[in-house]
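protein38.txt, holding compact mmCIF, C-alpha atoms:
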# COMPACT_ATOMS: atom_id res chain seq x y z
CA MET A 485 165.31 63.77 287.03
CA SER A 486 167.35 62.72 284.00
CA ILE A 487 171.14 62.44 284.03
CA ASP A 488 173.46 61.92 281.08
CA LEU A 489 175.30 58.91 282.48
CA GLU A 490 177.85 58.77 279.69
CA SER A 491 178.96 62.36 280.25
CA PHE A 492 178.94 61.81 284.01
CA TYR A 493 181.15 58.74 283.64
CA LYS A 494 183.66 60.52 281.40
CA ASP A 495 183.84 63.39 283.87
CA LEU A 496 184.62 60.99 286.71
CA HIS A 497 187.23 59.28 284.58
CA ARG A 498 188.95 62.61 283.90
CA HIS A 499 189.07 63.42 287.62
CA PRO A 500 190.18 60.33 289.59
CA GLU A 501 190.95 60.53 293.29
CA LEU A 502 192.91 58.26 295.61
CA GLY A 503 191.39 56.42 298.56
CA PHE A 504 190.01 58.61 301.36
CA SER A 505 190.56 61.63 299.09
CA GLU A 506 187.45 61.17 296.93
CA HIS A 507 186.08 64.60 297.85
CA ARG A 508 184.96 65.66 294.38
CA THR A 509 183.57 62.23 293.52
CA SER A 510 181.61 61.92 296.75
CA ALA A 511 180.23 65.44 296.38
CA LEU A 512 179.00 64.63 292.88
CA ALA A 513 177.42 61.38 294.06
CA ALA A 514 175.76 63.11 297.01
CA GLY A 515 174.39 65.82 294.72
CA GLN A 516 172.86 63.26 292.39
CA MET A 517 171.29 61.38 295.30
CA ARG A 518 169.76 64.56 296.74
CA ALA A 519 168.38 65.50 293.34
CA LEU A 520 166.67 62.10 293.24
CA GLY A 521 165.06 62.75 296.62
CA LEU A 522 167.12 60.46 298.84
CA GLU A 523 168.20 61.29 302.38
CA VAL A 524 171.95 61.78 302.08
CA THR A 525 174.73 61.53 304.66
CA GLU A 526 178.20 62.60 303.59
CA GLY A 527 181.58 62.09 305.23
CA VAL A 528 180.85 58.55 306.42
CA GLY A 529 184.11 56.74 307.06
CA GLY A 530 185.97 59.79 305.80
CA THR A 531 184.63 60.41 302.30
CA GLY A 532 181.83 57.86 302.03
CA VAL A 533 178.28 58.75 301.03
CA ILE A 534 175.19 56.82 302.12
CA ALA A 535 171.81 57.69 300.63
CA VAL A 536 168.51 56.24 301.84
CA LEU A 537 165.11 55.99 300.18
CA GLN A 538 162.34 54.55 302.36
CA ASN A 539 159.48 53.36 300.23
CA GLY A 540 157.11 51.43 302.46
CA ASP A 541 157.49 48.13 304.25
CA GLY A 542 159.83 45.49 302.99
CA PRO A 543 163.47 44.40 302.80
CA VAL A 544 166.42 46.78 303.06
CA VAL A 545 168.61 46.52 299.96
CA HIS A 546 172.11 47.99 300.02
CA LEU A 547 173.67 48.72 296.62
CA ARG A 548 177.38 49.41 296.94
CA ALA A 549 179.89 51.13 294.64
CA ASP A 550 183.51 51.97 295.41
CA MET A 551 184.94 55.34 294.36
CA ASP A 552 188.73 55.40 294.61
CA ALA A 553 191.32 55.36 291.85
CA LEU A 554 194.92 54.14 291.62
CA PRO A 555 198.40 55.71 291.41
CA VAL A 556 198.78 54.80 287.73
CA ARG A 557 199.70 57.01 284.75
CA GLU A 558 196.95 56.56 282.17
CA GLN A 559 198.01 55.43 278.70
CA THR A 560 194.63 54.73 277.07
CA GLY A 561 194.80 57.65 274.66
CA LEU A 562 191.14 58.45 275.29
CA ASP A 563 189.98 62.02 274.83
CA TYR A 564 188.68 61.86 278.42
CA ALA A 565 191.82 60.28 279.88
CA SER A 566 193.15 61.42 283.23
CA THR A 567 196.24 63.61 283.26
CA GLY A 568 196.10 64.50 286.94
CA THR A 569 198.36 63.81 289.87
CA ALA A 570 197.83 63.64 293.61
CA ILE A 571 199.80 63.38 296.84
CA ASP A 572 199.65 59.85 298.21
CA ALA A 573 199.73 58.70 301.84
CA ARG A 574 203.55 58.85 301.81
CA GLY A 575 203.51 62.49 300.76
CA VAL A 576 204.73 61.63 297.25
CA GLU A 577 203.21 63.12 294.09
CA VAL A 578 201.87 60.32 291.88
CA PRO A 579 199.82 60.08 288.68
CA VAL A 580 196.20 59.02 289.24
CA MET A 581 193.91 56.94 287.03
CA HIS A 582 190.67 55.01 287.29
CA ALA A 583 192.54 51.87 286.28
CA CYS A 584 190.09 49.56 288.05
CA GLY A 585 186.76 50.94 286.84
CA HIS A 586 185.42 52.42 290.05
CA ASP A 587 184.18 55.40 288.06
CA MET A 588 181.99 52.94 286.17
CA HIS A 589 180.70 51.51 289.46
CA VAL A 590 179.66 54.96 290.71
CA THR A 591 177.99 55.81 287.41
CA CYS A 592 176.02 52.55 287.29
CA LEU A 593 174.86 52.94 290.90
CA ILE A 594 173.57 56.44 290.20
CA GLY A 595 171.78 55.13 287.10
CA ALA A 596 170.24 52.25 289.06
CA VAL A 597 169.00 54.53 291.84
CA SER A 598 167.48 56.85 289.22
CA ARG A 599 165.66 53.94 287.64
CA LEU A 600 164.41 52.64 290.99
CA VAL A 601 163.14 56.10 291.89
CA GLU A 602 161.30 56.34 288.58
CA ARG A 603 159.68 52.96 289.24
CA ARG A 604 159.06 53.36 292.96
CA THR A 605 155.35 52.47 292.55
CA GLU A 606 156.49 48.97 291.53
CA TRP A 607 158.36 48.07 294.70
CA SER A 608 158.27 48.33 298.47
CA GLY A 609 161.05 48.46 301.00
CA THR A 610 164.15 50.55 301.66
CA LEU A 611 166.91 51.32 299.21
CA VAL A 612 170.35 52.26 300.54
CA ALA A 613 172.99 53.47 298.07
CA VAL A 614 176.51 53.07 299.49
CA PHE A 615 179.32 55.02 297.84
CA GLN A 616 182.38 53.56 299.54
CA PRO A 617 185.86 55.08 299.77
CA ALA A 618 189.24 53.36 299.69
CA GLU A 619 188.51 49.89 298.38
CA GLU A 620 191.97 49.63 296.84
CA GLY A 621 193.55 49.76 300.28
CA ILE A 622 191.04 47.23 301.67
CA ALA A 623 190.14 49.88 304.24
CA GLY A 624 187.02 51.74 303.12
CA ALA A 625 184.36 49.23 304.14
CA ALA A 626 185.88 48.88 307.60
CA ALA A 627 185.92 52.69 307.88
CA LEU A 628 182.19 52.80 307.13
CA VAL A 629 181.50 50.19 309.80
CA ALA A 630 183.67 52.05 312.32
CA ASP A 631 181.69 55.23 311.58
CA GLY A 632 178.30 53.75 312.38
CA TYR A 633 177.27 51.92 309.20
CA LEU A 634 175.22 49.48 311.27
CA ASP A 635 173.65 51.95 313.69
CA ARG A 636 173.13 55.13 311.69
CA PHE A 637 171.44 53.57 308.65
CA PRO A 638 168.82 50.88 307.98
CA ARG A 639 170.46 47.49 308.41
CA ALA A 640 170.88 45.51 305.21
CA SER A 641 168.70 42.54 304.34
CA VAL A 642 171.13 41.96 301.47
CA VAL A 643 174.27 43.66 300.13
CA LEU A 644 174.60 43.78 296.33
CA GLY A 645 177.47 45.03 294.21
CA GLN A 646 179.40 44.59 291.00
CA HIS A 647 182.87 45.10 289.53
CA VAL A 648 183.69 45.84 285.91
CA ALA A 649 186.11 43.29 284.47
CA PRO A 650 187.99 42.38 281.26
CA LEU A 651 185.05 40.37 279.90
CA PRO A 652 182.81 41.17 276.92
CA ALA A 653 180.28 43.90 277.67
CA GLY A 654 176.94 42.24 278.17
CA VAL A 655 178.42 39.29 280.07
CA ILE A 656 177.93 38.87 283.81
CA ALA A 657 180.13 36.49 285.81
CA LEU A 658 178.61 35.25 289.05
CA HIS A 659 179.99 32.60 291.41
CA SER A 660 178.40 31.14 294.54
CA GLY A 661 180.40 30.66 297.73
CA VAL A 662 183.97 31.91 297.92
CA ALA A 663 184.17 34.27 294.95
CA LEU A 664 187.34 36.29 295.63
CA ALA A 665 190.57 35.58 297.46
CA SER A 666 191.89 36.96 300.70
CA THR A 667 194.71 39.48 300.48
CA ASP A 668 197.70 40.26 302.68
CA SER A 669 200.21 42.99 301.80
CA ILE A 670 203.38 42.91 303.87
CA ASP A 671 206.59 44.92 304.00
CA VAL A 672 209.72 43.01 304.99
CA VAL A 673 212.75 45.07 306.08
CA PHE A 674 216.20 43.47 306.16
CA THR A 675 218.87 45.23 308.23
CA GLY A 676 222.48 44.47 307.40
CA ARG A 677 225.58 46.61 307.72
CA GLY A 678 226.24 49.33 305.19
CA GLY A 679 229.55 50.47 303.83
CA HIS A 680 231.67 51.33 300.81
CA GLY A 681 231.08 49.38 297.62
CA SER A 682 234.84 48.84 297.26
CA ARG A 683 235.01 47.02 300.61
CA PRO A 684 232.06 44.61 300.63
CA HIS A 685 233.82 42.31 303.11
CA THR A 686 233.21 44.89 305.84
CA THR A 687 229.44 44.91 305.20
CA ILE A 688 226.44 42.65 305.39
CA ASP A 689 224.71 43.43 302.10
CA PRO A 690 220.91 43.51 302.55
CA LEU A 691 220.35 43.62 298.76
CA VAL A 692 221.92 40.20 298.33
CA THR A 693 219.78 38.84 301.16
CA ALA A 694 216.60 40.43 299.82
CA ALA A 695 217.30 39.22 296.28
CA ALA A 696 217.83 35.67 297.50
CA THR A 697 214.62 35.92 299.49
CA VAL A 698 212.64 37.00 296.43
CA GLN A 699 213.87 33.93 294.60
CA ARG A 700 213.03 31.63 297.50
CA PHE A 701 209.52 33.10 297.78
CA GLN A 702 208.82 31.85 294.27
CA GLY A 703 209.04 28.28 295.52
CA ILE A 704 206.33 28.63 298.16
CA VAL A 705 203.33 28.07 295.91
CA SER A 706 205.04 25.50 293.67
CA ARG A 707 206.51 23.44 296.52
CA GLU A 708 204.51 24.10 299.68
CA VAL A 709 200.91 24.49 298.47
CA GLU A 710 198.92 21.48 297.35
CA PRO A 711 198.38 21.48 293.55
CA GLY A 712 194.91 22.76 292.71
CA GLN A 713 194.77 25.17 295.65
CA LEU A 714 194.66 28.84 294.71
CA ALA A 715 197.58 30.83 296.09
CA VAL A 716 199.63 33.73 294.74
CA VAL A 717 202.81 35.32 296.13
CA THR A 718 203.90 38.54 294.42
CA VAL A 719 206.86 40.73 295.29
CA GLY A 720 205.76 44.08 293.90
CA SER A 721 208.45 46.40 295.27
CA PHE A 722 212.12 46.27 296.20
CA HIS A 723 213.67 49.39 297.70
CA ALA A 724 217.29 49.79 298.75
CA GLY A 725 220.23 52.09 298.33
CA SER A 726 220.86 55.56 296.95
CA LYS A 727 224.16 55.30 295.02
CA SER A 728 225.99 52.56 293.12
CA SER A 729 229.13 52.78 295.26
CA ILE A 730 227.32 52.55 298.59
CA ILE A 731 226.12 49.30 300.11
CA PRO A 732 223.03 50.32 302.11
CA ALA A 733 222.16 49.22 305.61
CA THR A 734 218.60 48.17 304.80
CA ALA A 735 216.46 46.74 302.02
CA THR A 736 212.68 46.54 301.93
CA LEU A 737 210.48 44.11 300.05
CA GLY A 738 206.79 44.76 299.49
CA LEU A 739 204.83 41.60 298.84
CA ASN A 740 201.25 40.49 298.42
CA VAL A 741 199.61 37.13 299.11
CA ARG A 742 196.30 35.86 297.73
CA ALA A 743 194.58 32.69 298.87
CA VAL A 744 191.10 31.17 299.10
CA ASP A 745 191.47 28.54 301.81
CA PRO A 746 192.32 29.99 305.27
CA ASN A 747 194.70 27.12 305.97
CA VAL A 748 196.58 27.78 302.74
CA ARG A 749 196.73 31.47 303.61
CA THR A 750 198.27 30.68 307.00
CA ARG A 751 200.73 28.23 305.48
CA VAL A 752 201.95 30.73 302.88
CA LEU A 753 202.32 33.57 305.39
CA THR A 754 204.19 31.28 307.76
CA ALA A 755 206.53 30.21 304.95
CA ILE A 756 207.25 33.84 304.05
CA GLU A 757 208.36 34.62 307.58
CA ARG A 758 210.37 31.41 307.88
CA ILE A 759 212.24 32.01 304.63
CA ALA A 760 212.99 35.67 305.35
CA ARG A 761 214.36 34.86 308.80
CA ALA A 762 216.45 31.99 307.45
CA GLU A 763 217.95 34.08 304.64
CA ALA A 764 218.80 36.83 307.12
CA ALA A 765 220.53 34.32 309.36
CA ALA A 766 222.36 32.78 306.40
CA SER A 767 223.71 36.22 305.53
CA GLY A 768 225.02 36.75 309.03
CA MET A 769 222.54 39.47 309.93
CA THR A 770 222.27 40.09 313.65
CA VAL A 771 218.98 42.01 313.38
CA GLU A 772 215.84 40.01 312.70
CA PRO A 773 213.76 41.02 309.67
CA VAL A 774 210.82 43.29 310.50
CA PHE A 775 207.40 42.35 309.09
CA THR A 776 204.72 45.02 308.77
CA VAL A 777 201.19 44.28 307.60
CA VAL A 778 200.17 47.08 305.23
CA GLU A 779 196.81 45.78 303.98
CA GLN A 780 194.75 42.75 304.92
CA GLY A 781 191.35 41.41 303.93
CA ASP A 782 189.45 38.14 304.07
CA ALA A 783 188.00 36.21 301.15
CA THR A 784 184.76 37.49 299.62
CA ILE A 785 181.96 34.96 300.04
CA ASN A 786 178.70 35.07 298.08
CA ASP A 787 175.68 33.66 299.88
CA PRO A 788 174.58 30.58 297.87
CA SER A 789 170.82 31.09 298.20
CA ALA A 790 170.90 34.81 297.45
CA THR A 791 173.34 34.26 294.59
CA GLU A 792 171.01 31.75 292.97
CA ARG A 793 168.15 34.24 293.19
CA VAL A 794 170.23 36.86 291.42
CA ARG A 795 171.49 34.36 288.84
CA ARG A 796 167.94 33.41 287.89
CA ARG A 797 166.99 37.08 287.65
CA PHE A 798 169.95 37.85 285.41
CA ALA A 799 169.27 34.83 283.23
CA ALA A 800 165.67 35.96 282.73
CA GLU A 801 166.70 39.54 281.91
CA PHE A 802 169.89 39.03 279.90
CA GLY A 803 169.63 35.41 278.70
CA GLU A 804 171.29 32.28 280.03
CA ALA A 805 174.28 32.64 277.70
CA SER A 806 175.11 36.05 279.15
CA VAL A 807 175.37 34.78 282.74
CA GLN A 808 178.54 32.79 283.35
CA ASP A 809 180.28 31.14 286.28
CA LEU A 810 184.03 31.58 285.87
CA GLY A 811 184.86 30.17 289.29
CA VAL A 812 186.90 31.79 292.03
CA ALA A 813 188.89 34.89 291.08
CA SER A 814 192.29 35.61 292.63
CA GLY A 815 191.47 39.30 293.06
CA SER A 816 190.27 40.66 296.39
CA GLU A 817 187.56 43.02 297.68
CA ASP A 818 186.35 44.49 300.96
CA VAL A 819 182.62 44.60 300.15
CA GLY A 820 182.19 41.47 302.25
CA VAL A 821 183.01 43.49 305.36
CA LEU A 822 179.68 45.31 304.98
CA ALA A 823 177.68 42.09 304.69
CA LEU A 824 179.50 40.37 307.54
CA ALA A 825 179.01 43.36 309.83
CA ALA A 826 175.26 43.36 309.12
CA ASN A 827 175.04 39.55 309.20
CA SER A 828 173.35 39.74 305.81
CA PRO A 829 173.86 37.82 302.57
CA LEU A 830 176.22 39.19 299.94
CA VAL A 831 175.93 38.89 296.17
CA PHE A 832 178.83 40.35 294.20
CA TRP A 833 179.34 39.83 290.47
CA PHE A 834 181.62 40.85 287.60
CA LEU A 835 180.33 43.05 284.79
CA GLY A 836 181.89 42.77 281.34
CA GLY A 837 183.41 46.01 280.10
CA ILE A 838 185.26 45.14 276.87
CA ASP A 839 183.89 45.78 273.39
CA PRO A 840 182.47 42.37 272.34
CA ALA A 841 184.02 42.54 268.85
CA THR A 842 187.44 43.37 270.29
CA PHE A 843 187.17 40.51 272.76
CA ALA A 844 186.02 38.07 270.06
CA ALA A 845 189.00 39.03 267.88
CA ALA A 846 191.37 38.42 270.79
CA ILE A 847 189.81 35.01 271.42
CA ALA A 848 190.16 34.12 267.75
CA GLY A 849 193.79 35.22 267.78
CA ASP A 850 194.55 33.52 271.11
CA SER A 851 195.78 36.89 272.36
CA VAL A 852 193.45 37.81 275.22
CA GLU A 853 196.26 38.25 277.75
CA GLN A 854 198.23 40.45 275.34
CA ASP A 855 195.40 42.44 273.73
CA ILE A 856 192.78 42.84 276.48
CA PRO A 857 194.03 45.13 279.29
CA SER A 858 193.08 43.94 282.75
CA ASN A 859 192.19 45.93 285.84
CA HIS A 860 195.09 48.03 287.18
CA SER A 861 196.65 48.28 283.73
CA PRO A 862 197.42 51.82 282.46
CA PHE A 863 195.49 50.79 279.33
CA PHE A 864 192.34 49.59 281.13
CA ALA A 865 189.22 51.49 280.13
CA PRO A 866 185.76 49.91 279.86
CA VAL A 867 183.86 50.66 276.68
CA VAL A 868 181.25 53.24 277.69
CA GLN A 869 178.35 51.41 276.13
CA PRO A 870 176.89 48.91 276.58
CA THR A 871 178.80 48.67 279.88
CA ILE A 872 176.82 51.44 281.55
CA SER A 873 173.42 50.25 280.37
CA HIS A 874 174.13 46.65 281.42
CA GLY A 875 175.57 47.74 284.75
CA VAL A 876 172.51 49.85 285.52
CA ALA A 877 170.19 47.03 284.48
CA ALA A 878 172.10 44.47 286.59
CA LEU A 879 171.97 46.53 289.79
CA THR A 880 168.32 47.42 289.20
CA GLY A 881 167.29 43.86 288.48
CA ALA A 882 169.13 42.47 291.50
CA ALA A 883 167.51 45.09 293.75
CA PHE A 884 164.06 44.26 292.36
CA GLU A 885 164.60 40.62 293.26
CA TRP A 886 164.25 41.68 296.92
CA LEU A 887 162.07 44.74 296.59
CA GLY A 888 159.43 43.05 294.49
CA GLY A 889 159.61 44.90 291.16
When written as structure tokens, how does the structure in this file appear?
Amino acid sequence: MSIDLESFYKDLHRHPELGFSEHRTSALAAGQMRALGLEVTEGVGGTGVIAVLQNGDGPVVHLRADMDALPVREQTGLDYASTGTAIDARGVEVPVMHACGHDMHVTCLIGAVSRLVERRTEWSGTLVAVFQPAEEGIAGAAALVADGYLDRFPRASVVLGQHVAPLPAGVIALHSGVALASTDSIDVVFTGRGGHGSRPHTTIDPLVTAAATVQRFQGIVSREVEPGQLAVVTVGSFHAGSKSSIIPATATLGLNVRAVDPNVRTRVLTAIERIARAEAAASGMTVEPVFTVVEQGDATINDPSATERVRRRFAAEFGEASVQDLGVASGSEDVGVLALAANSPLVFWFLGGIDPATFAAAIAGDSVEQDIPSNHSPFFAPVVQPTISHGVAALTGAAFEWLGG
């Protein structure tokens, strides 16, 4: 079977879907897997698809791709840009875009499975293609595990995956050990006393408290984390009030924490709670702040031995200069949940997706941060080629390292 991967990718990009709502995407992936002769199970963990090809004795290789998109309004100007909207988990209509490249991940996995099927006389073992929902919410991998990932399908000897990134197409970034940070998303609700804006002395203004707390949070990393340790505290949302003349009763902050070291993670989270409680008390609030964990995931850890095997394979196939180690990234992933559940090694790498000439010009102009959109940007869109061809080759080569091709 032959599939036009470029057209398939553009179609996915035009039709993004939010986490646990990837019905069209999963149906397309399942259809491609069935056409290639794999045994397909749909609806795993909600909208996940797992496809199995048993090809004799040998290791069990799991290749994973995530499928979900983000509530972002696309501004790339591409002729295949998304213009759609969807209803999110709050019941709110939002724009939707593949602003993190998961459409590229799905496309490359389908291409890799197609290539492995074509070359099945060259390898022996079991191939498992995992199309995972809801990575953006750090929930999809856990949903697969809860729905029988370990018991219903051949258990992984290794879990392999990749993520497109703002690097030159043709470059692969691979790091051994802790590769990605942990993530904690928390809502903090301050409860004061509302009233008329003309009589602030009769109120306890939660906006003032929340604003002061945001400022204090900015000192956690600079003053409470040892220099050289990776930690990030971001306040991404601030919601309060409905009218300029009304002081509201509550204010809500939405914040996110990234860390690599578990002790640093604990220290930062403890500081957040301490500061919020202290600011509430300083404002005279009689109700303690309420902390709600919205998303949570541990650091992603690449197995050193397995990672070195893949690095050597990539170096042989793409050249040493194309395989880089950029260290630990402050982003987060839930692919590690699959490997930990199966007690198997994980190898997860970054795949360059930016036109090499465009990236080189940005380097020359010292304007990478300004001119090269990163993941989650409304302008992020991997160049179609050679990103697809390199992504297919990377997944195929890594799988062959275990399957013997």
Neighbour list for segment 875-878 of chain A as a ChimeraX atom specification, cut-off 10 Å, only C-alpha atoms, skip fewer than 5 positions in-chain: /A:489,588-589,591-599,645-648,653-654,656,794,797-798,801-802,833-837,869-870,883-884
Atom pair atom CA of Arg508 of chain A / atom CA of Asp818 of chain A: separation (Å): 22.2 Å
May I have a table of the residues of segment 761-875 of chain A lying at most 12 Å from segment 748-752 of chain A, giving each one's closest pair of atoms and their distance in Å to one decimal, counting all atoms listed in the file, ordered by chain and ascending residue number, as a Markdown table?
| residue | atom | partner | partner_atom | distance |
| --- | --- | --- | --- | --- |
| A:Gln780 | CA | A:Arg749 | CA | 11.5 |
| A:Gly781 | CA | A:Arg749 | CA | 11.3 |
| A:Asp782 | CA | A:Arg749 | CA | 9.9 |
| A:Ala783 | CA | A:Arg749 | CA | 10.2 |
Val821 of chain A environment, 9 Å, all atoms listed in the file, sequence neighbours closer than 2 positions dropped, as a PyMOL selection string: chain A and resi 625-626+629+781-782+784+817-819+823-826
Near segment 689-699 of chain A, 9 Å: segment 726-747 of chain A residue rows, closest pairs, only C-alpha atoms, as a tab-separated table:
residue	atom	partner	partner_atom	distance
A:Ile731	CA	A:Asp689	CA	6.4
A:Pro732	CA	A:Asp689	CA	7.1
A:Ala733	CA	A:Pro690	CA	6.6
A:Thr734	CA	A:Pro690	CA	5.7
A:Ala735	CA	A:Pro690	CA	5.5
A:Thr736	CA	A:Ala694	CA	7.6
A:Leu737	CA	A:Ala694	CA	7.1
Pull C-alpha atoms from the residues just selected and write them as a PDB file, in the coordinates of the input.
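Output file result.pdb is given in full below:
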ATOM      1  CA  ILE A 731     226.120  49.300 300.110  1.00  0.00           C
ATOM      2  CA  PRO A 732     223.030  50.320 302.110  1.00  0.00           C
ATOM      3  CA  ALA A 733     222.160  49.220 305.610  1.00  0.00           C
ATOM      4  CA  THR A 734     218.600  48.170 304.800  1.00  0.00           C
ATOM      5  CA  ALA A 735     216.460  46.740 302.020  1.00  0.00           C
ATOM      6  CA  THR A 736     212.680  46.540 301.930  1.00  0.00           C
ATOM      7  CA  LEU A 737     210.480  44.110 300.050  1.00  0.00           C
TER       8      LEU A 737
END
Please put the answer as JSON: centre and edge lengths, in Å with one decimal, of a box along x, y and z that encloses all listed atoms of segment 850-855 of chain A plus 3 Å on each side.
{"center_x": 195.8, "center_y": 38.0, "center_z": 274.4, "size_x": 10.8, "size_y": 14.9, "size_z": 12.6}
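Between atom CA of His860 of chain A and atom CA of Val580 of chain A the separation is 11.2 Å.
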For atom CA of Arg574 of chain A and atom CA of Gly621 of chain A, the interatomic separation in Å (one decimal):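 Atom CA of Gly621 of chain A lies at a distance of 13.6 Å from atom CA of Arg574 of chain A.
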Exercise: Leu600 of chain A partners within 12 Å, all atoms listed in the file, chain neighbours under 6 positions left out, as a VMD selection string: chain A and resid 485 517 520 to 522 537 to 539 545 547 593 to 594 606 to 613 876 to 877 879 to 884 887 to 889
Nearest candidate to Gly676 of chain A (options A:Pro650, A:Gly768, A:Gly815, A:Pro866; using only C-alpha atoms): A:Gly768
Nearby residues, (179.6, 55.7, 294.6) file frame, 9 Å, all atoms listed in the file, as a PyMOL selection string: chain A and resi 509-510+513-514+532-534+548-551+586-587+589-594+613-617
Need to verify the contact set: Ala618 of chain A, 10 Å, all atoms listed in the file, exclusion of same-chain residues closer than 4 positions in sequence. Can you return it as a PDB file with C-alpha atoms, in the frame of the given file?
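Final file, around.pdb:
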ATOM      1  CA  GLU A 501     190.950  60.530 293.290  1.00  0.00           C
ATOM      2  CA  LEU A 502     192.910  58.260 295.610  1.00  0.00           C
ATOM      3  CA  GLY A 503     191.390  56.420 298.560  1.00  0.00           C
ATOM      4  CA  PHE A 504     190.010  58.610 301.360  1.00  0.00           C
ATOM      5  CA  SER A 505     190.560  61.630 299.090  1.00  0.00           C
ATOM      6  CA  GLU A 506     187.450  61.170 296.930  1.00  0.00           C
ATOM      7  CA  GLY A 529     184.110  56.740 307.060  1.00  0.00           C
ATOM      8  CA  GLY A 530     185.970  59.790 305.800  1.00  0.00           C
ATOM      9  CA  THR A 531     184.630  60.410 302.300  1.00  0.00           C
ATOM     10  CA  GLY A 532     181.830  57.860 302.030  1.00  0.00           C
ATOM     11  CA  ASP A 550     183.510  51.970 295.410  1.00  0.00           C
ATOM     12  CA  MET A 551     184.940  55.340 294.360  1.00  0.00           C
ATOM     13  CA  ASP A 552     188.730  55.400 294.610  1.00  0.00           C
ATOM     14  CA  ALA A 553     191.320  55.360 291.850  1.00  0.00           C
ATOM     15  CA  LEU A 554     194.920  54.140 291.620  1.00  0.00           C
ATOM     16  CA  ILE A 622     191.040  47.230 301.670  1.00  0.00           C
ATOM     17  CA  ALA A 623     190.140  49.880 304.240  1.00  0.00           C
ATOM     18  CA  GLY A 624     187.020  51.740 303.120  1.00  0.00           C
ATOM     19  CA  ALA A 625     184.360  49.230 304.140  1.00  0.00           C
ATOM     20  CA  ALA A 626     185.880  48.880 307.600  1.00  0.00           C
ATOM     21  CA  ALA A 627     185.920  52.690 307.880  1.00  0.00           C
ATOM     22  CA  ASP A 818     186.350  44.490 300.960  1.00  0.00           C
TER      23      ASP A 818
END
Selection near Val807 of chain A, 8 Å with all atoms listed in the file, sequence-local residues under 6 positions removed, as a VMD selection string: chain A and resid 655 to 658 795 798 to 799
Please save C-alpha atoms of the selected residues as a PDB file, keeping the file's coordinate frame.
ATOM      1  CA  VAL A 655     178.420  39.290 280.070  1.00  0.00           C
ATOM      2  CA  ILE A 656     177.930  38.870 283.810  1.00  0.00           C
ATOM      3  CA  ALA A 657     180.130  36.490 285.810  1.00  0.00           C
ATOM      4  CA  LEU A 658     178.610  35.250 289.050  1.00  0.00           C
ATOM      5  CA  ARG A 795     171.490  34.360 288.840  1.00  0.00           C
ATOM      6  CA  PHE A 798     169.950  37.850 285.410  1.00  0.00           C
ATOM      7  CA  ALA A 799     169.270  34.830 283.230  1.00  0.00           C
TER       8      ALA A 799
END
Of the listed residues A:Thr687, A:Gly849, A:Ile487, A:Arg557, that which approaches Gln516 of chain A most closely, counting only C-alpha atoms: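 The shortest atom-to-atom distance to Gln516 of chain A comes from A:Ile487.
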Minimum-distance residue to Ser814 of chain A, chosen among A:Ala765, A:Ser666, A:Val576, A:Ala760 (using all atoms listed in the file): A:Ser666
Distance criterion (all atoms listed in the file): nearest to Ser660 of chain A out of A:Lys727, A:Arg793, A:His685, A:His546: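 Selected residue with least distance to Ser660 of chain A: A:Arg793.
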